[in-house]
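With compact mmCIF, C-alpha atoms inside, this is final02.txt:
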```txt
# COMPACT_ATOMS: atom_id res chain seq x y z
CA MET A 14 11.84 -3.65 -5.78
CA GLY A 15 10.07 -4.95 -8.86
CA SER A 16 10.06 -8.52 -10.13
CA PRO A 17 12.83 -10.76 -11.49
CA GLU A 18 12.82 -11.72 -15.16
CA THR A 19 12.04 -15.29 -14.13
CA GLU A 20 8.73 -14.37 -12.45
CA LYS A 21 5.79 -15.82 -14.33
CA GLU A 22 3.32 -13.43 -15.96
CA ARG A 23 5.42 -10.37 -15.12
CA TYR A 24 5.16 -7.10 -17.04
CA ALA A 25 8.12 -5.19 -18.45
CA ASP A 26 7.45 -2.14 -16.24
CA GLU A 27 8.20 -4.28 -13.17
CA GLY A 28 11.86 -4.36 -14.09
CA PRO A 29 14.67 -4.22 -13.86
CA GLN A 30 14.45 -5.40 -10.28
CA HIS A 31 16.59 -3.11 -8.14
CA ALA A 32 17.65 -2.47 -4.54
CA VAL A 33 15.85 0.28 -2.66
CA THR A 34 16.75 1.70 0.75
CA ILE A 35 14.03 3.38 2.80
CA SER A 36 15.93 5.64 5.17
CA SER A 37 13.18 6.43 7.69
CA GLY A 38 10.92 4.13 9.60
CA PHE A 39 7.25 4.25 8.65
CA TRP A 40 3.96 2.71 9.61
CA VAL A 41 1.00 1.68 7.50
CA PHE A 42 -2.53 0.90 8.66
CA ASP A 43 -3.02 -2.85 8.99
CA THR A 44 -6.14 -2.53 6.80
CA ALA A 45 -7.40 -0.32 4.03
CA CYS A 46 -9.40 2.70 5.19
CA THR A 47 -12.91 1.58 6.12
CA GLN A 48 -16.20 3.18 5.20
CA ALA A 49 -16.82 3.82 8.90
CA LEU A 50 -13.63 5.86 9.25
CA TRP A 51 -14.23 7.74 6.01
CA GLN A 52 -17.77 8.65 7.05
CA ALA A 53 -16.64 9.73 10.53
CA VAL A 54 -14.14 12.13 8.98
CA MET A 55 -15.87 13.26 5.79
CA GLY A 56 -19.55 12.95 6.70
CA ASP A 57 -20.49 10.84 3.68
CA ASN A 58 -19.92 7.34 2.33
CA PRO A 59 -19.08 7.01 -1.36
CA GLY A 60 -18.61 3.23 -1.16
CA HIS A 61 -20.38 1.15 -3.79
CA PHE A 62 -20.35 -2.01 -1.68
CA LYS A 63 -21.89 -0.71 1.53
CA GLY A 64 -20.73 -1.82 4.96
CA PRO A 65 -18.98 0.06 7.77
CA ASP A 66 -16.21 -2.53 7.99
CA ARG A 67 -15.68 -2.81 4.25
CA PRO A 68 -12.94 -0.74 2.61
CA VAL A 69 -14.13 2.58 1.29
CA ASP A 70 -14.13 2.43 -2.50
CA SER A 71 -14.99 4.78 -5.35
CA VAL A 72 -12.56 7.41 -4.06
CA SER A 73 -10.08 9.29 -6.22
CA TRP A 74 -6.54 10.27 -5.25
CA ASN A 75 -7.79 13.85 -4.96
CA ASP A 76 -10.59 12.71 -2.63
CA VAL A 77 -8.03 10.95 -0.44
CA GLN A 78 -5.98 14.14 -0.17
CA GLN A 79 -9.04 15.93 1.22
CA PHE A 80 -9.59 13.08 3.70
CA LEU A 81 -5.98 13.27 4.87
CA LYS A 82 -6.15 17.04 5.21
CA ARG A 83 -9.28 16.81 7.33
CA ILE A 84 -8.21 13.95 9.61
CA ASN A 85 -4.83 15.60 10.22
CA ALA A 86 -6.62 18.83 11.16
CA LEU A 87 -8.89 16.93 13.55
CA LEU A 88 -5.94 15.13 15.16
CA PRO A 89 -2.90 17.46 15.19
CA GLY A 90 0.39 15.61 15.10
CA LEU A 91 -1.06 12.52 13.42
CA GLU A 92 0.34 13.51 10.01
CA LEU A 93 -1.14 10.70 7.96
CA VAL A 94 -0.09 10.40 4.32
CA LEU A 95 -0.34 7.90 1.51
CA PRO A 96 2.64 5.55 1.26
CA THR A 97 5.02 6.00 -1.63
CA GLU A 98 5.08 3.18 -4.16
CA ALA A 99 8.36 1.96 -2.66
CA GLN A 100 6.97 1.99 0.88
CA TRP A 101 3.85 0.18 -0.30
CA GLU A 102 5.77 -2.65 -1.96
CA TYR A 103 8.05 -3.03 1.06
CA ALA A 104 5.01 -3.39 3.33
CA CYS A 105 3.25 -5.75 0.94
CA ARG A 106 6.21 -8.08 0.54
CA ALA A 107 6.85 -8.23 4.28
CA GLY A 108 10.31 -9.66 3.73
CA THR A 109 9.31 -12.06 0.95
CA THR A 110 10.73 -12.27 -2.58
CA THR A 111 8.03 -14.47 -4.12
CA PRO A 112 5.26 -13.22 -6.45
CA PHE A 113 2.91 -12.95 -3.45
CA SER A 114 3.57 -12.45 0.25
CA PHE A 115 1.91 -15.87 0.69
CA GLY A 116 4.41 -17.59 -1.62
CA GLU A 117 4.53 -18.67 -5.24
CA THR A 118 0.76 -18.63 -5.71
CA ILE A 119 -2.52 -17.72 -3.99
CA THR A 120 -6.05 -19.04 -3.51
CA PRO A 121 -9.36 -17.17 -3.07
CA GLU A 122 -9.31 -18.28 0.55
CA GLN A 123 -6.26 -16.04 1.04
CA VAL A 124 -7.02 -13.17 -1.36
CA ASN A 125 -10.17 -11.53 -2.73
CA TYR A 126 -9.62 -11.58 -6.51
CA ASP A 127 -11.28 -13.03 -9.61
CA GLY A 128 -10.71 -16.74 -9.11
CA ASN A 129 -11.70 -17.42 -12.72
CA HIS A 130 -8.22 -16.18 -13.62
CA PRO A 131 -5.72 -18.09 -11.45
CA TYR A 132 -1.97 -17.61 -11.44
CA ALA A 133 0.30 -19.39 -13.91
CA GLY A 134 -2.18 -22.06 -14.97
CA GLY A 135 -3.42 -22.92 -11.50
CA GLU A 136 -6.89 -24.11 -10.57
CA LYS A 137 -9.87 -21.78 -10.88
CA GLY A 138 -11.64 -20.71 -7.71
CA LEU A 139 -14.18 -18.38 -6.13
CA TYR A 140 -14.99 -14.99 -7.67
CA ARG A 141 -16.87 -12.98 -5.04
CA GLU A 142 -17.64 -10.00 -7.34
CA GLU A 143 -17.50 -7.57 -4.40
CA THR A 144 -15.29 -6.38 -1.58
CA VAL A 145 -15.03 -8.24 1.71
CA PRO A 146 -14.82 -6.64 5.18
CA VAL A 147 -11.29 -5.63 6.12
CA ALA A 148 -9.23 -8.13 8.13
CA SER A 149 -11.50 -10.99 7.07
CA LEU A 150 -8.77 -12.82 5.13
CA SER A 151 -5.28 -13.93 6.14
CA PRO A 152 -2.70 -11.20 6.87
CA ASN A 153 0.77 -11.13 5.37
CA PRO A 154 3.78 -12.08 7.55
CA TRP A 155 3.79 -8.59 9.10
CA GLY A 156 0.12 -8.65 10.06
CA LEU A 157 -1.14 -6.43 7.22
CA TYR A 158 -4.49 -7.44 5.77
CA GLU A 159 -5.61 -7.51 2.14
CA MET A 160 -2.44 -6.03 0.68
CA HIS A 161 -3.29 -8.31 -2.25
CA GLY A 162 -6.76 -7.84 -3.76
CA ASN A 163 -10.01 -6.41 -2.35
CA VAL A 164 -9.36 -2.79 -3.49
CA TRP A 165 -6.55 -1.15 -5.41
CA GLU A 166 -4.66 1.21 -3.11
CA TRP A 167 -3.59 4.70 -4.15
CA CYS A 168 0.07 5.62 -3.56
CA ARG A 169 1.44 9.10 -2.97
CA ASP A 170 3.58 9.33 -6.09
CA GLY A 171 3.38 8.84 -9.83
CA LYS A 172 4.78 5.93 -11.81
CA ARG A 173 8.53 6.12 -12.34
CA THR A 174 10.53 4.16 -14.91
CA TYR A 175 12.66 1.56 -13.16
CA ALA A 176 16.43 1.31 -13.64
CA ALA A 177 18.99 -1.16 -12.32
CA ASP A 178 20.69 1.39 -10.06
CA ALA A 179 20.22 1.12 -6.29
CA LEU A 180 18.15 3.99 -4.90
CA THR A 181 17.35 5.58 -1.54
CA ASP A 182 13.80 6.77 -0.89
CA PRO A 183 12.71 6.80 -4.54
CA VAL A 184 9.66 8.90 -5.35
CA GLY A 185 7.91 8.92 -8.70
CA PRO A 186 6.70 12.02 -10.56
CA MET A 187 4.70 14.39 -8.36
CA GLU A 188 3.51 17.07 -10.78
CA ALA A 189 0.07 18.47 -10.00
CA GLY A 190 -2.64 16.64 -11.89
CA GLY A 191 -0.30 13.87 -13.02
CA PRO A 192 -1.22 10.17 -12.81
CA ARG A 193 -0.72 8.40 -9.50
CA VAL A 194 0.25 4.79 -8.84
CA LEU A 195 -2.17 2.16 -7.55
CA ARG A 196 -1.02 -1.14 -6.09
CA GLY A 197 -2.36 -4.46 -4.87
CA GLY A 198 -5.16 -5.24 -7.31
CA SER A 199 -8.81 -5.68 -6.38
CA TRP A 200 -11.74 -8.05 -6.09
CA ASP A 201 -12.04 -7.80 -9.89
CA SER A 202 -8.37 -8.48 -10.73
CA SER A 203 -6.80 -11.65 -12.05
CA ALA A 204 -4.23 -13.36 -9.83
CA GLN A 205 -1.54 -11.87 -12.06
CA GLY A 206 -2.79 -8.39 -11.18
CA VAL A 207 -2.54 -8.80 -7.40
CA ARG A 208 1.15 -9.76 -7.33
CA SER A 209 3.47 -7.76 -5.07
CA ALA A 210 5.26 -6.12 -8.03
CA TYR A 211 2.26 -5.38 -10.26
CA ARG A 212 1.66 -1.67 -10.82
CA ILE A 213 -0.72 0.63 -12.63
CA ALA A 214 -1.34 4.39 -12.64
CA ASP A 215 -4.47 6.45 -13.18
CA ASP A 216 -5.77 10.00 -13.27
CA PRO A 217 -5.89 11.45 -9.73
CA GLY A 218 -9.50 12.51 -10.22
CA PHE A 219 -10.81 9.11 -11.31
CA ARG A 220 -13.24 7.16 -9.11
CA ILE A 221 -14.33 3.54 -9.51
CA SER A 222 -15.53 0.75 -7.21
CA ILE A 223 -12.17 -1.03 -7.32
CA TYR A 224 -10.13 1.92 -5.94
CA GLY A 225 -9.46 2.53 -2.23
CA PHE A 226 -6.45 3.39 -0.06
CA ARG A 227 -4.42 2.69 3.07
CA CYS A 228 -2.93 5.37 5.31
CA ALA A 229 0.71 5.63 6.32
CA ARG A 230 2.72 7.63 8.83
CA VAL A 231 6.41 8.41 8.38
CA GLN A 232 8.78 8.51 11.34
CA GLU A 233 9.87 12.05 12.19
CA ARG A 234 13.57 12.66 11.65
CA ARG A 235 15.03 14.58 14.61
CA GLU A 236 18.39 16.01 15.49
CA PRO A 237 20.41 13.58 17.67
CA GLY A 238 19.76 14.13 21.36
CA ARG A 239 16.64 16.29 20.93
CA ARG A 240 13.09 15.24 21.69
CA ALA A 241 10.16 16.79 19.90
CA GLY A 242 8.70 19.55 22.06
CA GLY A 243 11.14 19.01 24.92
CA PRO A 244 14.69 19.56 26.15
CA GLU A 245 17.70 17.70 24.87
CA LYS A 246 18.07 14.17 26.16
CA LYS A 247 20.74 11.58 25.59
CA ASP A 248 19.65 8.94 23.09
CA LYS A 249 19.03 5.45 24.38
CA PRO A 250 20.72 2.50 22.68
CA ARG A 251 18.63 1.35 19.73
CA SER A 252 17.79 -1.90 21.51
CA GLU A 253 15.85 0.17 24.08
CA GLN A 254 14.02 2.42 21.64
CA GLY A 255 10.50 1.86 20.46
CA GLY A 256 9.33 2.02 16.87
CA GLY A 257 10.83 0.71 13.68
CA PRO A 258 14.38 0.71 12.33
CA ALA A 259 16.04 3.88 11.10
CA GLY A 260 16.48 2.39 7.65
CA VAL A 261 15.31 -0.65 5.74
CA THR A 262 16.34 -2.09 2.40
CA VAL A 263 14.18 -4.02 -0.02
CA ALA A 264 15.57 -5.70 -3.11
```
Could I get this structure in the form of structure tokens?
Amino acid sequence: MGSPETEKERYADEGPQHAVTISSGFWVFDTACTQALWQAVMGDNPGHFKGPDRPVDSVSWNDVQQFLKRINALLPGLELVLPTEAQWEYACRAGTTTPFSFGETITPEQVNYDGNHPYAGGEKGLYREETVPVASLSPNPWGLYEMHGNVWEWCRDGKRTYAADALTDPVGPMEAGGPRVLRGGSWDSSAQGVRSAYRIADDPGFRISIYGFRCARVQERREPGRRAGGPEKKDKPRSEQGGGPAGVTVA
């Protein structure tokens, strides 16, 4: 997690790069939350750039908590949350170790960012000056769309100070009212600011047209041999089970 010292245009708070183990499987939406979904749940649409299939923007971390509370009440058992910063970076990288999930650099055809500010002296390109509909650009290797650019995505936790030690399920500060991490950059970011390791934090009550979010769902941890809501049953071999792995490691 984080970036190596050799990565171009890196910031000091992206290091030291360190190994992180995520001990439970988790899922993230393949797109940022859309305005259509937000309006269906909340009854309004705060988005600055209107369009049902565009990501909802201009939402604060506190607003997102109200959305999650309401959608989880409407659909018991869904238990949607925001991803932690560690989960977010794991999903964004999709097994890659390069500055972007697309490789060493990006183009505006892959990512919605300010093409006037390319990466590491590259060629300038398109600056759209607005969001684009979700899933309209290329996905990362795991099929997740717009993890880089379009809208910044709120994470569940606050911004922790990195250390070289390997960690399991790291979570940043969670004090009430404390700043929360945002990842991924936006339509208004430079290429530097949409890298997989780039991180910022902001007040949980702040709203702006570059902030959105993506939902996650964490795999329930159960006692061996017991199904949720049912009698005990012998576990199948992992090769026969559905869902993700019990643990994943990202360096």
- Rank A:Gly135, A:Val147, A:Arg106, A:Trp101 by their smallest atom-to-atom distance to Thr118 of chain A, using all atoms listed in the file, and report the top residue only.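 Of all the options, A:Gly135 lies closest to Thr118 of chain A.
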- Query: So which residues touch Ala176 of chain A within 10 Å, counting all atoms listed in the file, skipping near sequence neighbours fewer than 6 positions away, as a ChimeraX atom specification?
  - Reply: /A:26-32
- Item | Shortest interatomic distance to Phe80 of chain A - which of A:Glu92, A:Glu102, A:Glu188, A:Glu20, counting all atoms listed in the file |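 Using all atoms listed in the file, Phe80 of chain A sits closest to A:Glu92.
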- Which distance in Å separates atom CA of Ser151 of chain A and atom CA of Ser71 of chain A, to one decimal?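 The value is 24.0 Å.
Near Arg227 of chain A, within 10 Å and counting all atoms listed in the file, sit Val41, Phe42, Asp43, Thr44, Ala45, Cys46, Thr47, Pro68, Val69, Val77, Leu93, Val94, Leu95, Pro96, Trp101, Met160, Val164, Trp165, Glu166, Trp167 and Cys168 of chain A; same-chain residues fewer than 4 positions away were not included.
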Writer output for current selection, C-alpha atoms, as a PDB file, in the frame of the given file:
```
ATOM      1  CA  VAL A  41       1.000   1.680   7.500  1.00  0.00           C
ATOM      2  CA  PHE A  42      -2.530   0.900   8.660  1.00  0.00           C
ATOM      3  CA  ASP A  43      -3.020  -2.850   8.990  1.00  0.00           C
ATOM      4  CA  THR A  44      -6.140  -2.530   6.800  1.00  0.00           C
ATOM      5  CA  ALA A  45      -7.400  -0.320   4.030  1.00  0.00           C
ATOM      6  CA  CYS A  46      -9.400   2.700   5.190  1.00  0.00           C
ATOM      7  CA  THR A  47     -12.910   1.580   6.120  1.00  0.00           C
ATOM      8  CA  PRO A  68     -12.940  -0.740   2.610  1.00  0.00           C
ATOM      9  CA  VAL A  69     -14.130   2.580   1.290  1.00  0.00           C
ATOM     10  CA  VAL A  77      -8.030  10.950  -0.440  1.00  0.00           C
ATOM     11  CA  LEU A  93      -1.140  10.700   7.960  1.00  0.00           C
ATOM     12  CA  VAL A  94      -0.090  10.400   4.320  1.00  0.00           C
ATOM     13  CA  LEU A  95      -0.340   7.900   1.510  1.00  0.00           C
ATOM     14  CA  PRO A  96       2.640   5.550   1.260  1.00  0.00           C
ATOM     15  CA  TRP A 101       3.850   0.180  -0.300  1.00  0.00           C
ATOM     16  CA  MET A 160      -2.440  -6.030   0.680  1.00  0.00           C
ATOM     17  CA  VAL A 164      -9.360  -2.790  -3.490  1.00  0.00           C
ATOM     18  CA  TRP A 165      -6.550  -1.150  -5.410  1.00  0.00           C
ATOM     19  CA  GLU A 166      -4.660   1.210  -3.110  1.00  0.00           C
ATOM     20  CA  TRP A 167      -3.590   4.700  -4.150  1.00  0.00           C
ATOM     21  CA  CYS A 168       0.070   5.620  -3.560  1.00  0.00           C
TER      22      CYS A 168
END
```
- Task: Would you please work out which residue, of A:Asp182, A:Gly171, A:Ser203, A:Tyr158, is nearest to Pro146 of chain A when using all atoms listed in the file?
- Result: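 Nearest to Pro146 of chain A: A:Tyr158.
Each of A:Trp200, A:Met187, A:Ser37, A:Ser114 was compared to Leu139 of chain A using all atoms listed in the file, and A:Trp200 turns out to be the nearest.
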- Message: List as a ChimeraX atom specification the protein and nucleic acid residues near Arg208 of chain A, meaning an atom at most 9 Å away when all atoms listed in the file are counted, but skip any in the same chain fewer than 4 places from it.
- Response: /A:23,111-114,161-162,196-198,204,212
- For the atom pair atom CA of Ile223 of chain A and atom CA of Asp201 of chain A, what is the interatomic distance in Å to one decimal place? 7.2 Å
- Message: Excluding His130 of chain A and its own-chain neighbours fewer than 2 positions away, which residues fall within 10 Å of it when counting only C-alpha atoms? Please give them as an MDAnalysis selection string.
- Response: chainID A and resid 126:128 132:140 201:206
- Item | d(atom CA of Glu142 of chain A, atom CA of Asn58 of chain A) in Å | 20.0 Å
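With all atoms listed in the file as the basis for measurement, A:Tyr103 is the residue among A:Val207, A:Met55, A:Ala49, A:Tyr103 that approaches Leu157 of chain A most closely.
With all atoms listed in the file as the basis for measurement, A:Pro121 is the residue among A:Pro217, A:Pro121, A:Pro131, A:Gly116 that approaches Leu150 of chain A most closely.
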Ref. answer, residues at most 9 Å from (5.7, 6.4, -13.3) with only C-alpha atoms, as a short mmCIF file (atom, residue, chain, number, x, y, z; two decimals) with C-alpha atoms, in the frame of the given file:
```
data_model
loop_
_atom_site.label_atom_id
_atom_site.label_comp_id
_atom_site.auth_asym_id
_atom_site.auth_seq_id
_atom_site.Cartn_x
_atom_site.Cartn_y
_atom_site.Cartn_z
CA ASP A 170 3.58 9.33 -6.09
CA GLY A 171 3.38 8.84 -9.83
CA LYS A 172 4.78 5.93 -11.81
CA ARG A 173 8.53 6.12 -12.34
CA THR A 174 10.53 4.16 -14.91
CA TYR A 175 12.66 1.56 -13.16
CA GLY A 185 7.91 8.92 -8.70
CA PRO A 186 6.70 12.02 -10.56
CA PRO A 192 -1.22 10.17 -12.81
CA ARG A 193 -0.72 8.40 -9.50
CA VAL A 194 0.25 4.79 -8.84
CA ILE A 213 -0.72 0.63 -12.63
CA ALA A 214 -1.34 4.39 -12.64
#
```
Because the input lacks atoms here, generate N, CA and C atoms for segment 61-77 of chain A and report them as a PDB file, in the frame of the given file.
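Written out: part-v4.pdb:
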```pdb
ATOM      1  N   HIS A  61     -19.386   1.863  -2.976  1.00  0.00           N
ATOM      2  CA  HIS A  61     -20.380   1.150  -3.790  1.00  0.00           C
ATOM      3  C   HIS A  61     -20.888  -0.084  -3.061  1.00  0.00           C
ATOM      4  N   PHE A  62     -19.987  -0.816  -2.443  1.00  0.00           N
ATOM      5  CA  PHE A  62     -20.350  -2.010  -1.680  1.00  0.00           C
ATOM      6  C   PHE A  62     -20.471  -1.604  -0.210  1.00  0.00           C
ATOM      7  N   LYS A  63     -21.692  -1.331   0.226  1.00  0.00           N
ATOM      8  CA  LYS A  63     -21.890  -0.710   1.530  1.00  0.00           C
ATOM      9  C   LYS A  63     -21.606  -1.655   2.693  1.00  0.00           C
ATOM     10  N   GLY A  64     -21.014  -1.089   3.732  1.00  0.00           N
ATOM     11  CA  GLY A  64     -20.730  -1.820   4.960  1.00  0.00           C
ATOM     12  C   GLY A  64     -19.679  -1.069   5.743  1.00  0.00           C
ATOM     13  N   PRO A  65     -19.924  -0.752   7.005  1.00  0.00           N
ATOM     14  CA  PRO A  65     -18.980   0.060   7.770  1.00  0.00           C
ATOM     15  C   PRO A  65     -17.589  -0.539   7.880  1.00  0.00           C
ATOM     16  N   ASP A  66     -17.505  -1.880   7.858  1.00  0.00           N
ATOM     17  CA  ASP A  66     -16.210  -2.530   7.990  1.00  0.00           C
ATOM     18  C   ASP A  66     -15.620  -2.960   6.654  1.00  0.00           C
ATOM     19  N   ARG A  67     -16.264  -2.559   5.571  1.00  0.00           N
ATOM     20  CA  ARG A  67     -15.680  -2.810   4.250  1.00  0.00           C
ATOM     21  C   ARG A  67     -14.748  -1.640   3.910  1.00  0.00           C
ATOM     22  N   PRO A  68     -13.786  -1.867   3.008  1.00  0.00           N
ATOM     23  CA  PRO A  68     -12.940  -0.740   2.610  1.00  0.00           C
ATOM     24  C   PRO A  68     -13.756   0.294   1.860  1.00  0.00           C
ATOM     25  N   VAL A  69     -13.477   1.561   2.091  1.00  0.00           N
ATOM     26  CA  VAL A  69     -14.130   2.580   1.290  1.00  0.00           C
ATOM     27  C   VAL A  69     -13.611   2.436  -0.137  1.00  0.00           C
ATOM     28  N   ASP A  70     -14.520   2.505  -1.099  1.00  0.00           N
ATOM     29  CA  ASP A  70     -14.130   2.430  -2.500  1.00  0.00           C
ATOM     30  C   ASP A  70     -14.716   3.623  -3.232  1.00  0.00           C
ATOM     31  N   SER A  71     -14.471   3.678  -4.524  1.00  0.00           N
ATOM     32  CA  SER A  71     -14.990   4.780  -5.350  1.00  0.00           C
ATOM     33  C   SER A  71     -14.467   6.130  -4.883  1.00  0.00           C
ATOM     34  N   VAL A  72     -13.207   6.157  -4.450  1.00  0.00           N
ATOM     35  CA  VAL A  72     -12.560   7.410  -4.060  1.00  0.00           C
ATOM     36  C   VAL A  72     -11.373   7.662  -4.972  1.00  0.00           C
ATOM     37  N   SER A  73     -11.210   8.905  -5.386  1.00  0.00           N
ATOM     38  CA  SER A  73     -10.080   9.290  -6.220  1.00  0.00           C
ATOM     39  C   SER A  73      -8.881   9.660  -5.345  1.00  0.00           C
ATOM     40  N   TRP A  74      -7.728   9.802  -5.972  1.00  0.00           N
ATOM     41  CA  TRP A  74      -6.540  10.270  -5.250  1.00  0.00           C
ATOM     42  C   TRP A  74      -6.801  11.654  -4.676  1.00  0.00           C
ATOM     43  N   ASN A  75      -7.464  12.502  -5.444  1.00  0.00           N
ATOM     44  CA  ASN A  75      -7.790  13.850  -4.960  1.00  0.00           C
ATOM     45  C   ASN A  75      -8.716  13.792  -3.749  1.00  0.00           C
ATOM     46  N   ASP A  76      -9.697  12.880  -3.784  1.00  0.00           N
ATOM     47  CA  ASP A  76     -10.590  12.710  -2.630  1.00  0.00           C
ATOM     48  C   ASP A  76      -9.792  12.323  -1.389  1.00  0.00           C
ATOM     49  N   VAL A  77      -8.840  11.421  -1.574  1.00  0.00           N
ATOM     50  CA  VAL A  77      -8.030  10.950  -0.440  1.00  0.00           C
ATOM     51  C   VAL A  77      -7.211  12.090   0.151  1.00  0.00           C
TER      52      VAL A  77
END
```
